[in-house]
Amino acid sequence: MQIPTNLNLLDIQQDIRNCRLCPRLIEYIHSVGMSKQSKFRQDDYWSRPVPSFGDSKASLLVVGLAPAAHGGNRTGRMFTGDSSGDWLMRAMFETGFANIPNSVSINDGLVLKNAYVTSVVKCAPPNNKPTYNEILNCATHLKKELSVLKGTLKVIVTLGKIALDSYCNLTNNRGLKFRHGGIYSDGDERVLIVSYHPSKRNTNTGLLTWPMWIKIFKKAKSIIDNNPNQV
Ligand code: SF4
């Protein structure tokens, strides 16, 4: 795919909002917004593809899996209005990548600093499981984001195995093993840090603990600040 040289992140975000490439996901996110969770029955669900967001000169890129059905798909912003967003923003705040420690709504005043947040697919999938073709479809958006950010990015944090595999496919990195805390050079003078996803399934079971999680972001920060031995 040829990436236009004048592409910018705002255009990509708009393309994502208007994207309808995956009929199964478009139908699903619409149905979630019609049925709603009882505690959110007063909310108007976004129920469209959820654009990525953050600083257009970011050194840090966080790659998640997908918006949550009652999180990003409800609020219209990634990692917003669910427990994964709580974990992510608290860690980003504590390491200086966000101005507030939580992410509850699109109007909460959150500003990312030197960081950009995206995902493998931009529509919430049933059971958090996008199909191979849906991942392939949405890779067009992620590829464009990587292209626009490539001049400033220093560290990429992937959340979960699908995010790692998708990033590696797009950047022609082969054979990188999924291991929480794994650190790789991505071959383009950028550092790739591998993490578990902060989903409830991982945090509630203790597979991912707070010390394990915050260490990922402290490491990212130390690399960006040219102090990689700090953590
Ligand atoms: S998952 Fe991505 S490619 Fe598929 S419809 Fe949503 S935004 Fe478009």
# chains A, B, ... in the order shown; residues from 1 in each chain; ligands from 1
$ residues_around --residues "Ile216 in chain A" --least-positions-apart "4" --cutoff "8 Å" --atoms "only C-alpha atoms" --output "list in words"
Val157, Gly181, Ile193, Ser195, Met212 and Ala220 of chain A
$ residues_around --residues "Ile29 in chain A" --least-positions-apart "4" --cutoff "12 Å" --atoms "only C-alpha atoms" --output "JSON, numbers by chain"
{"A": [20, 22, 23, 24, 25, 33, 34, 35, 36, 45, 46, 47, 48, 49, 50, 66, 67, 68, 69, 70, 71, 72, 73, 74, 76, 122, 123, 124, 125, 126, 127, 128]}
$ write_last_selection --atoms "N, CA and C atoms" --output "compact mmCIF listing (two decimals), in the first residue's frame"
# COMPACT_ATOMS: atom_id res chain seq x y z
N ARG A 20 -16.05 1.51 7.01
CA ARG A 20 -17.10 0.48 7.12
C ARG A 20 -16.62 -0.83 6.48
N CYS A 22 -15.54 -3.62 7.68
CA CYS A 22 -15.80 -4.93 8.30
C CYS A 22 -17.28 -5.02 8.70
N PRO A 23 -18.12 -5.60 7.84
CA PRO A 23 -19.56 -5.61 8.11
C PRO A 23 -19.93 -6.26 9.44
N ARG A 24 -19.23 -7.35 9.81
CA ARG A 24 -19.57 -8.02 11.07
C ARG A 24 -19.38 -7.09 12.25
N LEU A 25 -18.28 -6.33 12.24
CA LEU A 25 -17.98 -5.44 13.37
C LEU A 25 -18.91 -4.22 13.38
N GLY A 33 -24.68 -0.76 21.00
CA GLY A 33 -25.21 0.56 21.34
C GLY A 33 -26.72 0.58 21.47
N MET A 34 -27.39 -0.36 20.83
CA MET A 34 -28.85 -0.43 20.96
C MET A 34 -29.25 -1.15 22.24
N SER A 35 -28.47 -2.20 22.59
CA SER A 35 -28.85 -3.00 23.77
C SER A 35 -28.31 -2.38 25.07
N LYS A 36 -27.12 -1.86 25.08
CA LYS A 36 -26.45 -1.18 26.20
C LYS A 36 -26.29 -2.07 27.44
N TYR A 45 -24.47 5.68 23.10
CA TYR A 45 -23.24 5.00 22.68
C TYR A 45 -22.72 5.60 21.37
N TRP A 46 -21.39 5.66 21.28
CA TRP A 46 -20.73 6.12 20.06
C TRP A 46 -21.04 5.15 18.91
N SER A 47 -20.78 3.88 19.11
CA SER A 47 -21.13 2.81 18.15
C SER A 47 -20.63 3.05 16.73
N ARG A 48 -19.45 3.61 16.65
CA ARG A 48 -18.76 3.77 15.35
C ARG A 48 -17.31 3.34 15.55
N PRO A 49 -16.55 3.20 14.49
CA PRO A 49 -15.11 2.95 14.69
C PRO A 49 -14.51 4.06 15.57
N VAL A 50 -13.59 3.66 16.44
CA VAL A 50 -13.03 4.60 17.42
C VAL A 50 -11.63 5.03 16.98
N ALA A 66 -8.33 -3.49 20.78
CA ALA A 66 -9.55 -2.96 20.16
C ALA A 66 -10.30 -2.16 21.22
N PRO A 67 -11.20 -1.27 20.82
CA PRO A 67 -12.04 -0.59 21.81
C PRO A 67 -12.90 -1.63 22.53
N ALA A 68 -13.21 -1.35 23.80
CA ALA A 68 -14.11 -2.24 24.53
C ALA A 68 -15.55 -1.91 24.15
N ALA A 69 -16.39 -2.94 24.15
CA ALA A 69 -17.78 -2.76 23.71
C ALA A 69 -18.49 -1.67 24.51
N HIS A 70 -18.25 -1.65 25.84
CA HIS A 70 -18.92 -0.66 26.67
C HIS A 70 -17.95 0.41 27.19
N GLY A 71 -16.73 0.38 26.66
CA GLY A 71 -15.73 1.42 26.96
C GLY A 71 -15.63 2.37 25.78
N GLY A 72 -14.61 2.17 24.94
CA GLY A 72 -14.41 3.05 23.80
C GLY A 72 -15.60 3.08 22.85
N ASN A 73 -16.27 1.95 22.69
CA ASN A 73 -17.43 1.93 21.79
C ASN A 73 -18.59 2.76 22.34
N ARG A 74 -18.57 2.97 23.65
CA ARG A 74 -19.62 3.81 24.28
C ARG A 74 -19.20 5.28 24.27
N GLY A 76 -16.51 6.80 22.66
CA GLY A 76 -15.96 7.36 21.44
C GLY A 76 -14.48 7.66 21.51
N LYS A 122 -10.14 -0.99 15.19
CA LYS A 122 -10.75 0.23 15.75
C LYS A 122 -12.25 0.05 16.01
N CYS A 123 -12.76 -1.13 15.81
CA CYS A 123 -14.15 -1.43 16.16
C CYS A 123 -14.14 -2.55 17.20
N ALA A 124 -15.00 -2.44 18.20
CA ALA A 124 -15.06 -3.48 19.23
C ALA A 124 -15.52 -4.79 18.59
N PRO A 125 -14.76 -5.87 18.78
CA PRO A 125 -15.18 -7.16 18.22
C PRO A 125 -15.94 -8.00 19.26
N PRO A 126 -16.85 -8.87 18.81
CA PRO A 126 -17.51 -9.78 19.75
C PRO A 126 -16.47 -10.61 20.51
N ASN A 127 -16.63 -10.73 21.81
CA ASN A 127 -15.72 -11.50 22.67
C ASN A 127 -14.26 -11.05 22.56
N ASN A 128 -14.04 -9.81 22.15
CA ASN A 128 -12.68 -9.28 21.99
C ASN A 128 -11.85 -10.09 21.01
$ closest_residue --among "A:Leu65, A:Leu88, A:Ile26, A:Leu170" --to "Phe217 in chain A" --atoms "only C-alpha atoms"
A:Leu88
$ residues_around --residues "Asn8 in chain A" --least-positions-apart "2" --cutoff "9 Å" --atoms "only C-alpha atoms" --output "list in words"
Thr5, Asn6, Leu10, Asp11, Ile12, Gln13, Ser56, Lys144, Glu145 and Val148 of chain A
$ residues_around --residues "Thr209 in chain A" --least-positions-apart "5" --cutoff "10 Å" --atoms "only C-alpha atoms" --output "PyMOL selection string"
chain A and resi 196+198+202-204+214
$ select_by_dssp --residues "range 23-78 of chain A" --states "alpha helix (DSSP H)" --output "ChimeraX atom specification"
/A:23-35,72-75
$ residues_around --residues "Arg90 in chain A" --least-positions-apart "4" --cutoff "7 Å" --atoms "only C-alpha atoms" --output "PyMOL selection string"
chain A and resi 86+94+101-102
$ closest_residue --among "A:Phe40, A:Phe93, A:Tyr116, A:Tyr28" --to "Leu60 in chain A" --atoms "only C-alpha atoms"
A:Tyr116
$ closest_residue --among "A:Thr95, A:Gln14, A:Ser38, A:Thr75" --to "Lys218 in chain A" --atoms "only C-alpha atoms"
A:Thr95
$ closest_residue --among "A:Leu110, A:Val155, A:Leu176, A:Ala91" --to "Asp225 in chain A" --atoms "only C-alpha atoms"
A:Val155
$ residues_around --residues "Lys143 in chain A" --least-positions-apart "4" --cutoff "12 Å" --atoms "only C-alpha atoms" --output "list in words"
Met1, Gln2, Ile3, Pro4, Leu7, Leu9, Ile12, Val63, Thr118, Ser119, Val120, Val121, Ile135, Leu136, Asn137, Cys138, Ala139, Ser147, Val148, Leu149, Lys150, Ser166, Tyr167, Cys168, Asn169, Leu170, Thr171 and Asn172 of chain A
$ atom_distance --atom1 "CA of Lys161 in chain A" --atom2 "CA of Gly175 in chain A"
12.5 Å
$ atom_distance --atom1 "CA of Ile106 in chain A" --atom2 "CA of Asp43 in chain A"
12.7 Å
$ residues_around --residues "Asp55 in chain A" --least-positions-apart "5" --cutoff "7 Å" --atoms "only C-alpha atoms" --output "MDAnalysis selection string"
chainID A and resid 112:116
$ closest_residue --among "A:Leu61, A:Ile183, A:Leu142, A:Ile224" --to "ligand 1" --atoms "only C-alpha atoms and all ligand atoms"
A:Leu142
$ select_by_dssp --residues "range 42-220 of chain A" --states "strand (DSSP E)" --output "list in words"
Phe53, Gly54, Leu60, Leu61, Val62, Val63, Gly64, Ala115, Tyr116, Val117, Thr118, Ser119, Val155, Ile156, Val157, Thr158, Leu159, Ile183, Tyr184, Ser185, Val191, Leu192, Ile193, Val194 and Ser195 of chain A
$ write_last_selection --atoms "C-alpha atoms" --output "mmCIF file, in the first residue's frame"
data_model
loop_
_atom_site.group_PDB
_atom_site.id
_atom_site.type_symbol
_atom_site.label_atom_id
_atom_site.label_comp_id
_atom_site.auth_asym_id
_atom_site.auth_seq_id
_atom_site.Cartn_x
_atom_site.Cartn_y
_atom_site.Cartn_z
ATOM 1 C CA PHE A 53 -5.622 9.792 19.782
ATOM 2 C CA GLY A 54 -2.727 11.619 21.366
ATOM 3 C CA LEU A 60 5.713 6.643 22.694
ATOM 4 C CA LEU A 61 3.109 4.600 20.818
ATOM 5 C CA VAL A 62 0.800 2.293 22.748
ATOM 6 C CA VAL A 63 -0.868 -0.386 20.620
ATOM 7 C CA GLY A 64 -3.895 -2.064 22.188
ATOM 8 C CA ALA A 115 2.375 9.692 23.499
ATOM 9 C CA TYR A 116 -0.175 8.307 21.054
ATOM 10 C CA VAL A 117 -2.657 5.507 21.686
ATOM 11 C CA THR A 118 -3.959 3.222 18.971
ATOM 12 C CA SER A 119 -5.175 -0.336 18.510
ATOM 13 C CA VAL A 155 9.308 3.339 21.879
ATOM 14 C CA ILE A 156 6.340 1.137 21.006
ATOM 15 C CA VAL A 157 4.479 -0.702 23.757
ATOM 16 C CA THR A 158 2.284 -3.531 22.483
ATOM 17 C CA LEU A 159 -0.507 -4.796 24.732
ATOM 18 C CA ILE A 183 12.379 -5.624 24.992
ATOM 19 C CA TYR A 184 13.429 -5.732 21.348
ATOM 20 C CA SER A 185 14.956 -3.430 18.805
ATOM 21 C CA VAL A 191 12.508 -0.041 20.923
ATOM 22 C CA LEU A 192 9.612 -2.442 21.211
ATOM 23 C CA ILE A 193 8.367 -3.302 24.698
ATOM 24 C CA VAL A 194 6.008 -6.240 25.048
ATOM 25 C CA SER A 195 3.280 -6.244 27.673
#
$ atom_distance --atom1 "CA of Gly182 in chain A" --atom2 "CA of Ala163 in chain A"
13.7 Å
$ closest_residue --among "A:Ser84, A:Thr131, A:Asn107, A:Gln37" --to "ligand 1" --atoms "only C-alpha atoms and all ligand atoms"
A:Thr131
$ decode --residues "range 162-193 of chain A" --atoms "N, CA and C atoms" --output "mmCIF file, in the first residue's frame"
data_model
loop_
_atom_site.group_PDB
_atom_site.id
_atom_site.type_symbol
_atom_site.label_atom_id
_atom_site.label_comp_id
_atom_site.auth_asym_id
_atom_site.auth_seq_id
_atom_site.Cartn_x
_atom_site.Cartn_y
_atom_site.Cartn_z
ATOM 1 N N ILE A 162 -1.799 -10.342 20.181
ATOM 2 C CA ILE A 162 -2.299 -9.918 18.857
ATOM 3 C C ILE A 162 -1.682 -8.571 18.479
ATOM 4 N N ALA A 163 -1.540 -7.674 19.454
ATOM 5 C CA ALA A 163 -0.928 -6.375 19.164
ATOM 6 C C ALA A 163 0.539 -6.557 18.766
ATOM 7 N N LEU A 164 1.243 -7.429 19.487
ATOM 8 C CA LEU A 164 2.648 -7.684 19.127
ATOM 9 C C LEU A 164 2.741 -8.242 17.711
ATOM 10 N N ASP A 165 1.938 -9.273 17.426
ATOM 11 C CA ASP A 165 2.015 -9.913 16.108
ATOM 12 C C ASP A 165 1.648 -8.928 14.998
ATOM 13 N N SER A 166 0.652 -8.109 15.235
ATOM 14 C CA SER A 166 0.230 -7.151 14.200
ATOM 15 C C SER A 166 1.320 -6.121 13.956
ATOM 16 N N TYR A 167 1.908 -5.629 15.034
ATOM 17 C CA TYR A 167 2.983 -4.645 14.869
ATOM 18 C C TYR A 167 4.161 -5.282 14.115
ATOM 19 N N CYS A 168 4.509 -6.497 14.497
ATOM 20 C CA CYS A 168 5.646 -7.169 13.839
ATOM 21 C C CYS A 168 5.366 -7.416 12.361
ATOM 22 N N ASN A 169 4.137 -7.808 12.034
ATOM 23 C CA ASN A 169 3.795 -8.020 10.621
ATOM 24 C C ASN A 169 3.954 -6.744 9.822
ATOM 25 N N LEU A 170 3.534 -5.633 10.403
ATOM 26 C CA LEU A 170 3.597 -4.363 9.672
ATOM 27 C C LEU A 170 5.013 -3.832 9.543
ATOM 28 N N THR A 171 5.876 -4.227 10.443
ATOM 29 C CA THR A 171 7.232 -3.676 10.440
ATOM 30 C C THR A 171 8.275 -4.727 10.027
ATOM 31 N N ASN A 172 7.765 -5.861 9.514
ATOM 32 C CA ASN A 172 8.656 -6.932 9.030
ATOM 33 C C ASN A 172 9.622 -7.427 10.099
ATOM 34 N N ASN A 173 9.159 -7.502 11.303
ATOM 35 C CA ASN A 173 9.953 -8.134 12.363
ATOM 36 C C ASN A 173 9.458 -9.561 12.527
ATOM 37 N N ARG A 174 10.359 -10.504 12.408
ATOM 38 C CA ARG A 174 9.962 -11.920 12.453
ATOM 39 C C ARG A 174 10.515 -12.587 13.712
ATOM 40 N N GLY A 175 9.722 -13.497 14.229
ATOM 41 C CA GLY A 175 10.207 -14.385 15.275
ATOM 42 C C GLY A 175 10.313 -13.791 16.663
ATOM 43 N N LEU A 176 9.694 -12.626 16.902
ATOM 44 C CA LEU A 176 9.763 -12.055 18.251
ATOM 45 C C LEU A 176 8.759 -12.777 19.148
ATOM 46 N N LYS A 177 9.256 -13.236 20.276
ATOM 47 C CA LYS A 177 8.410 -14.025 21.185
ATOM 48 C C LYS A 177 7.606 -13.097 22.093
ATOM 49 N N PHE A 178 6.360 -13.529 22.360
ATOM 50 C CA PHE A 178 5.561 -12.770 23.319
ATOM 51 C C PHE A 178 5.998 -13.126 24.736
ATOM 52 N N ARG A 179 6.465 -12.127 25.463
ATOM 53 C CA ARG A 179 6.889 -12.316 26.855
ATOM 54 C C ARG A 179 6.722 -10.972 27.545
ATOM 55 N N HIS A 180 5.913 -10.937 28.600
ATOM 56 C CA HIS A 180 5.704 -9.658 29.282
ATOM 57 C C HIS A 180 7.048 -9.089 29.741
ATOM 58 N N GLY A 181 7.284 -7.841 29.387
ATOM 59 C CA GLY A 181 8.551 -7.204 29.759
ATOM 60 C C GLY A 181 9.650 -7.405 28.736
ATOM 61 N N GLY A 182 9.345 -8.180 27.676
ATOM 62 C CA GLY A 182 10.346 -8.387 26.620
ATOM 63 C C GLY A 182 10.674 -7.066 25.926
ATOM 64 N N ILE A 183 11.941 -6.865 25.641
ATOM 65 C CA ILE A 183 12.379 -5.624 24.992
ATOM 66 C C ILE A 183 13.177 -5.990 23.748
ATOM 67 N N TYR A 184 12.766 -5.433 22.622
ATOM 68 C CA TYR A 184 13.429 -5.732 21.348
ATOM 69 C C TYR A 184 13.745 -4.434 20.616
ATOM 70 N N SER A 185 14.763 -4.493 19.782
ATOM 71 C CA SER A 185 14.956 -3.430 18.805
ATOM 72 C C SER A 185 14.082 -3.790 17.613
ATOM 73 N N ASP A 186 13.347 -2.837 17.072
ATOM 74 C CA ASP A 186 12.477 -3.198 15.954
ATOM 75 C C ASP A 186 13.176 -3.029 14.610
ATOM 76 N N GLY A 187 14.475 -2.822 14.650
ATOM 77 C CA GLY A 187 15.257 -2.758 13.428
ATOM 78 C C GLY A 187 15.242 -1.393 12.785
ATOM 79 N N ASP A 188 14.533 -0.454 13.373
ATOM 80 C CA ASP A 188 14.422 0.879 12.787
ATOM 81 C C ASP A 188 14.741 1.931 13.851
ATOM 82 N N GLU A 189 15.705 1.574 14.713
ATOM 83 C CA GLU A 189 16.147 2.449 15.807
ATOM 84 C C GLU A 189 15.040 2.760 16.803
ATOM 85 N N ARG A 190 14.032 1.905 16.827
ATOM 86 C CA ARG A 190 12.987 2.063 17.831
ATOM 87 C C ARG A 190 13.009 0.845 18.741
ATOM 88 N N VAL A 191 12.534 1.049 19.956
ATOM 89 C CA VAL A 191 12.508 -0.041 20.923
ATOM 90 C C VAL A 191 11.071 -0.518 21.081
ATOM 91 N N LEU A 192 10.923 -1.831 21.048
ATOM 92 C CA LEU A 192 9.612 -2.442 21.211
ATOM 93 C C LEU A 192 9.555 -3.088 22.590
ATOM 94 N N ILE A 193 8.559 -2.702 23.372
ATOM 95 C CA ILE A 193 8.367 -3.302 24.698
ATOM 96 C C ILE A 193 7.060 -4.081 24.680
#
